[in-house]
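Listing of run_33.tsv; format and content: TSV, C-alpha atoms and all ligand atoms.
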chain	number	residue	atom	x	y	z
L	1	MET	CA	-14.49	77.38	-1.19
L	2	ASP	CA	-15.27	75.93	2.27
L	3	ASP	CA	-18.97	76.66	1.75
L	4	VAL	CA	-19.09	74.36	-1.28
L	5	ALA	CA	-17.19	71.64	0.60
L	6	ILE	CA	-19.66	71.87	3.49
L	7	ALA	CA	-22.61	71.79	1.07
L	8	ARG	CA	-21.06	68.71	-0.58
L	9	GLY	CA	-20.70	67.02	2.83
L	10	LEU	CA	-24.34	67.75	3.71
L	11	HIS	CA	-25.41	66.62	0.22
L	12	VAL	CA	-23.73	63.24	0.62
L	13	LEU	CA	-25.01	62.85	4.21
L	14	GLY	CA	-28.54	63.50	2.95
L	15	VAL	CA	-28.14	60.98	0.12
L	16	VAL	CA	-26.70	58.30	2.46
L	17	VAL	CA	-29.53	58.50	5.01
L	18	TRP	CA	-32.29	58.93	2.40
L	19	ILE	CA	-31.31	56.32	-0.24
L	20	GLY	CA	-29.97	53.99	2.49
L	21	GLY	CA	-33.42	54.13	4.07
L	22	VAL	CA	-35.12	53.40	0.76
L	23	SER	CA	-32.80	50.40	0.36
L	24	MET	CA	-33.60	49.10	3.87
L	25	VAL	CA	-37.36	49.41	3.31
L	26	THR	CA	-37.16	47.78	-0.14
L	27	THR	CA	-34.78	44.91	0.50
L	28	VAL	CA	-35.44	44.06	4.16
L	29	ILE	CA	-38.65	45.47	5.61
L	30	LEU	CA	-41.06	44.92	2.70
L	31	PRO	CA	-40.07	41.28	2.09
L	32	ALA	CA	-40.28	40.57	5.87
L	33	VAL	CA	-43.68	42.27	6.20
L	34	ARG	CA	-45.05	40.27	3.26
L	35	ARG	CA	-44.42	37.08	5.28
L	36	PHE	CA	-46.67	38.21	8.16
L	37	LYS	CA	-49.57	35.72	8.43
L	38	ASN	CA	-52.17	38.23	9.55
L	39	PRO	CA	-53.00	40.74	6.75
L	40	GLN	CA	-54.24	43.40	9.22
L	41	GLU	CA	-50.99	43.23	11.16
L	42	ARG	CA	-49.09	43.47	7.87
L	43	VAL	CA	-50.84	46.72	6.88
L	44	ALA	CA	-50.56	48.25	10.38
L	45	PHE	CA	-46.86	47.43	10.76
L	46	PHE	CA	-45.91	48.67	7.30
L	47	GLU	CA	-47.86	51.90	7.78
L	48	ALA	CA	-46.08	52.51	11.10
L	49	VAL	CA	-42.64	51.96	9.52
L	50	GLU	CA	-43.36	54.04	6.39
L	51	ASN	CA	-44.86	56.86	8.47
L	52	ARG	CA	-41.72	57.14	10.54
L	53	PHE	CA	-39.43	56.86	7.54
L	54	ALA	CA	-41.48	59.38	5.52
L	55	TRP	CA	-40.44	62.17	7.95
L	56	GLN	CA	-36.77	61.20	7.69
L	57	ALA	CA	-37.08	61.03	3.91
L	58	ARG	CA	-38.77	64.48	3.78
L	59	PHE	CA	-35.98	66.03	5.85
L	60	THR	CA	-33.15	64.37	3.92
L	61	THR	CA	-34.78	65.18	0.55
L	62	LEU	CA	-34.88	68.84	1.58
L	63	LEU	CA	-31.26	68.75	2.79
L	64	THR	CA	-30.06	67.05	-0.42
L	65	GLY	CA	-32.00	69.44	-2.66
L	66	LEU	CA	-30.93	72.62	-0.83
L	67	SER	CA	-27.26	71.61	-0.70
L	68	GLY	CA	-27.36	70.47	-4.35
L	69	PHE	CA	-28.87	73.73	-5.60
L	70	TYR	CA	-26.45	75.68	-3.40
L	71	MET	CA	-23.47	73.94	-5.07
L	72	MET	CA	-24.95	74.78	-8.49
L	73	TYR	CA	-25.47	78.44	-7.50
L	74	ALA	CA	-22.16	78.97	-5.67
L	75	GLN	CA	-20.13	77.56	-8.56
L	76	GLY	CA	-22.29	78.92	-11.38
L	77	LEU	CA	-23.00	75.46	-12.75
L	78	TRP	CA	-26.49	76.13	-14.16
L	79	GLU	CA	-25.36	75.68	-17.79
L	80	ARG	CA	-24.87	71.99	-17.00
L	81	TYR	CA	-28.66	71.67	-17.40
L	82	THR	CA	-28.22	72.50	-21.09
L	83	SER	CA	-25.52	69.91	-21.77
L	84	ALA	CA	-26.28	66.23	-22.51
L	85	ALA	CA	-22.82	65.27	-21.16
L	86	TYR	CA	-24.06	66.26	-17.72
L	87	PHE	CA	-26.98	63.82	-17.90
L	88	TRP	CA	-26.11	62.77	-14.34
L	89	VAL	CA	-27.06	66.26	-13.11
L	90	HIS	CA	-30.41	65.78	-14.86
L	91	MET	CA	-30.73	62.37	-13.20
L	92	MET	CA	-30.03	63.79	-9.70
L	93	THR	CA	-32.59	66.52	-10.22
L	94	ALA	CA	-35.17	64.07	-11.64
L	95	VAL	CA	-34.76	61.64	-8.71
L	96	TRP	CA	-35.07	64.55	-6.27
L	97	LEU	CA	-38.19	65.84	-8.07
L	98	ILE	CA	-39.90	62.42	-8.10
L	99	PHE	CA	-39.33	61.89	-4.35
L	100	THR	CA	-40.34	65.48	-3.57
L	101	ILE	CA	-43.64	65.07	-5.42
L	102	VAL	CA	-44.32	61.66	-3.82
L	103	LEU	CA	-43.38	62.69	-0.26
L	104	PHE	CA	-44.76	66.24	-0.15
L	105	VAL	CA	-47.76	66.05	-2.50
L	106	LEU	CA	-49.00	62.57	-3.46
L	107	GLU	CA	-48.43	60.80	-0.11
L	108	PRO	CA	-50.25	63.26	2.16
L	109	LEU	CA	-52.97	64.01	-0.39
L	110	PHE	CA	-53.84	60.61	-1.66
L	111	LEU	CA	-51.27	57.77	-1.59
L	112	HIS	CA	-51.69	57.08	2.12
L	113	LYS	CA	-55.47	56.71	1.85
L	114	TRP	CA	-55.15	54.72	-1.38
L	115	PHE	CA	-52.71	52.28	0.27
L	116	HIS	CA	-54.88	51.78	3.35
L	117	ARG	CA	-58.07	51.17	1.33
L	118	ARG	CA	-56.44	48.88	-1.25
L	119	ALA	CA	-54.24	46.95	1.22
L	120	THR	CA	-57.25	46.21	3.42
L	121	ALA	CA	-59.18	44.81	0.42
L	122	ASP	CA	-56.29	43.07	-1.35
L	123	PRO	CA	-53.11	42.88	0.79
L	124	GLU	CA	-51.25	40.47	-1.50
L	125	GLY	CA	-51.75	42.48	-4.70
L	126	THR	CA	-51.15	45.83	-3.02
L	127	PHE	CA	-47.86	44.78	-1.42
L	128	ARG	CA	-46.72	43.43	-4.80
L	129	ILE	CA	-47.36	46.85	-6.41
L	130	VAL	CA	-45.70	48.69	-3.50
L	131	GLN	CA	-42.62	46.45	-3.68
L	132	THR	CA	-42.30	46.88	-7.47
L	133	LEU	CA	-42.49	50.67	-7.11
L	134	HIS	CA	-39.90	50.65	-4.31
L	135	TRP	CA	-37.53	48.52	-6.43
L	136	ALA	CA	-37.96	50.90	-9.39
L	137	LEU	CA	-37.18	53.98	-7.24
L	138	LEU	CA	-34.24	52.26	-5.52
L	139	THR	CA	-32.72	51.14	-8.84
L	140	VAL	CA	-32.96	54.60	-10.43
L	141	SER	CA	-31.53	56.17	-7.24
L	142	LEU	CA	-28.55	53.81	-7.07
L	143	VAL	CA	-27.73	54.26	-10.76
L	144	THR	CA	-27.90	58.02	-10.12
L	145	VAL	CA	-25.54	57.82	-7.12
L	146	PHE	CA	-23.06	55.81	-9.21
L	147	ALA	CA	-23.21	58.16	-12.23
L	148	SER	CA	-22.99	61.28	-10.01
L	149	LEU	CA	-19.91	59.99	-8.23
L	150	LEU	CA	-18.15	59.31	-11.55
L	151	GLY	CA	-19.30	62.70	-12.86
L	152	ALA	CA	-18.28	64.68	-9.78
L	153	HIS	CA	-14.89	62.97	-9.65
L	154	GLY	CA	-13.88	63.85	-13.15
L	155	VAL	CA	-14.46	60.78	-15.33
L	156	GLU	CA	-14.15	62.38	-18.78
L	157	PHE	CA	-17.19	60.76	-20.38
L	158	PHE	CA	-19.39	62.42	-17.72
L	159	ARG	CA	-18.02	65.91	-18.27
L	160	GLY	CA	-18.21	66.32	-22.03
L	161	GLN	CA	-14.41	66.28	-22.46
N	1	LIG	C1	-32.06	69.07	-6.59
N	1	LIG	C2	-31.40	68.00	-6.81
N	1	LIG	C3	-29.91	67.93	-6.88
N	1	LIG	C4	-28.98	68.87	-7.29
N	1	LIG	C5	-29.26	70.27	-7.82
N	1	LIG	C6	-27.67	68.26	-7.16
N	1	LIG	C7	-26.48	68.88	-7.46
N	1	LIG	C8	-25.23	68.35	-7.27
N	1	LIG	C9	-23.98	69.03	-7.53
N	1	LIG	C10	-23.83	70.45	-8.08
N	1	LIG	C11	-22.96	68.17	-7.23
N	1	LIG	C12	-21.45	68.44	-7.36
N	1	LIG	C13	-21.02	68.08	-8.76
N	1	LIG	C14	-19.55	68.34	-9.01
N	1	LIG	O1	-18.75	68.39	-8.06
N	1	LIG	O2	-19.16	68.45	-10.21
N	1	LIG	C15	-23.58	66.94	-6.75
N	1	LIG	C16	-22.88	65.82	-6.33
N	1	LIG	C17	-23.45	64.62	-6.02
N	1	LIG	N1	-24.80	64.36	-5.94
N	1	LIG	FE1	-26.31	65.68	-6.28
N	1	LIG	N2	-27.82	66.99	-6.67
N	1	LIG	C18	-29.16	66.75	-6.49
N	1	LIG	C19	-29.73	65.57	-6.04
N	1	LIG	C20	-29.05	64.41	-5.83
N	1	LIG	C21	-29.65	63.13	-5.59
N	1	LIG	C22	-31.15	62.88	-5.52
N	1	LIG	C23	-28.65	62.22	-5.44
N	1	LIG	C24	-28.73	60.73	-5.20
N	1	LIG	C25	-29.67	59.96	-5.65
N	1	LIG	C26	-27.40	62.92	-5.59
N	1	LIG	C27	-26.16	62.35	-5.49
N	1	LIG	C28	-24.96	63.02	-5.62
N	1	LIG	C29	-23.64	62.40	-5.45
N	1	LIG	C30	-23.37	60.95	-5.06
N	1	LIG	C31	-22.72	63.41	-5.71
N	1	LIG	C32	-21.19	63.27	-5.69
N	1	LIG	C33	-20.65	63.79	-4.37
N	1	LIG	C34	-19.14	63.83	-4.39
N	1	LIG	O3	-18.51	62.83	-4.05
N	1	LIG	O4	-18.57	64.85	-4.77
N	1	LIG	N3	-27.69	64.25	-5.83
N	1	LIG	N4	-24.93	67.08	-6.79
Mind converting the file's structure to structure tokens?
Amino acid sequence: MDDVAIARGLHVLGVVVWIGGVSMVTTVILPAVRRFKNPQERVAFFEAVENRFAWQARFTTLLTGLSGFYMMYAQGLWERYTSAAYFWVHMMTAVWLIFTIVLFVLEPLFLHKWFHRRATADPEGTFRIVQTLHWALLTVSLVTVFASLLGAHGVEFFRGQ
């Protein structure tokens, strides 16, 4: 069962770097950037940070997803998707799906351009929206980490027992 243990290690590494990064951007970088006096500098700095982080987030999202699906496959856990007791497996998959769509589809296709156009016209309002969305994603992700840990480590309520 070493393969599952290795997949679990990679899964948790992926989650740590990915959700840790989301937390850093949400709780430290965004509030600091919003205090910049010059709106142009604010947009340029935030775009530079998000651009760099987006590549890390893409890589860690892939790593987390691949290792997660591998654990499901190797242990034959697919029927968990049909059980409400395993809602935390649904939550993990939903969080992964949301980030995958944002990072691989919406961001390159349209979010980046939307942010640049809107933040240039209305920096204050745009940063407020961006911060609210980051807080929403961070909150859902942290609740998911908490529930998944309890589920994976045998708390009865999370395993339909
Ligand atoms: C495609 C998406 C995902 C799949 C298929 C998946 C699948 C799994 C599986 C099968 C386990 C082991 C459960 C067990 O031992 O009973 C697990 C553990 C875990 N997952 Fe995921 N996961 C996914 C995404 C995520 C995401 C997005 C997060 C965080 C937001 C996350 C956080 C965790 C945590 C914290 C554990 C517990 C690790 C441990 O200590 O054993 N997973 N996941």
- request: Kindly work out which residues sit at most 6 Å from ligand LIG 1 (chain N), using all atoms listed in the file, and give the list as a list in words.
  value: Val12, Val15, Thr64, Gly65, Gly68, Phe69, Met71, Met72, Met92, Thr93, Val95, Trp96, Ser141, Thr144, Val145, Ser148, Leu149 and Ala152 of chain L
- prompt: So how many Å separate atom CA of L:Leu138 and atom CA of L:Val22, to one decimal?
  reply: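 A separation of 6.4 Å between them.
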message: Can you tell me which residues surround L:Pro39 at a distance of at most 10 Å, considering all atoms listed in the file, apart from same-chain residues fewer than 3 positions away, and format the answer as a VMD selection string?
response: chain L and resid 33 to 36 42 to 45 119 to 124
query: From the list L:Gln40, L:His11, L:Val130, L:Met24, which residue is nearest L:His112 when using all atoms listed in the file?
result: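 Closest residue, counting all atoms listed in the file: L:Val130.
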- prompt: Quick one: residues within 12 Å of L:Leu62, all atoms listed in the file counted, chain neighbours fewer than 3 positions away excluded, as a list in words?
  reply: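 The residues satisfying every condition are Leu10, His11, Leu13, Gly14, Val15, Trp18, Trp55, Gln56, Ala57, Arg58, Phe59, Gly65, Leu66, Ser67, Gly68, Phe69, Tyr70, Trp96, Leu97, Phe99, Thr100, Ile101, Leu103 and Phe104 of chain L.
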message: One decimal, in Å: what's the spacing between atom CA of L:Val143 and atom CA of L:Thr61?
response: 17.2 Å
- prompt: Pick from L:Ala7, L:Arg118, L:Phe158, L:Thr26: nearest to L:Ala136, with all atoms listed in the file counted?
  reply: L:Thr26
query: Contacts of L:Trp135 at 12 Å or less, counting all atoms listed in the file, minus same-chain residues fewer than 3 places along, as a ChimeraX atom specification?
result: /L:19,22-28,30-31,128-132,138-142
query: Quick one: of L:Leu150, L:Val4, L:Leu63, L:Val102, who's nearest to L:Trp88, counting all atoms listed in the file?
result: L:Leu150
- prompt: Interatomic distance between atom CA of L:Ala32 and atom CA of L:Leu133?
  reply: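 Atom CA of L:Ala32 sits 16.6 Å away from atom CA of L:Leu133.
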- prompt: Between L:Phe127, L:Tyr81, L:Phe157, L:Phe115, which one has atoms that come closest to L:Ala94, using only C-alpha atoms?
  reply: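 Nearest candidate to L:Ala94 out of L:Phe127, L:Tyr81, L:Phe157, L:Phe115: L:Tyr81.
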Nearest-residue call for L:Gln75, choices L:His134, L:Lys37, L:Arg52, L:Arg8, using all atoms listed in the file: L:Arg8
- request: Scan for residues within 9 Å of the point (-24.7, 62.2, -18.2) in the coordinates of the file, using all atoms listed in the file, and reply as a list in words.
  value: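 It turns out the residues near that spot are Ser83, Ala84, Ala85, Tyr86, Phe87, Trp88, Val89, His90, Met91, Ala147, Ser148, Gly151, Phe157, Phe158, Arg159 and Gly160 of chain L.
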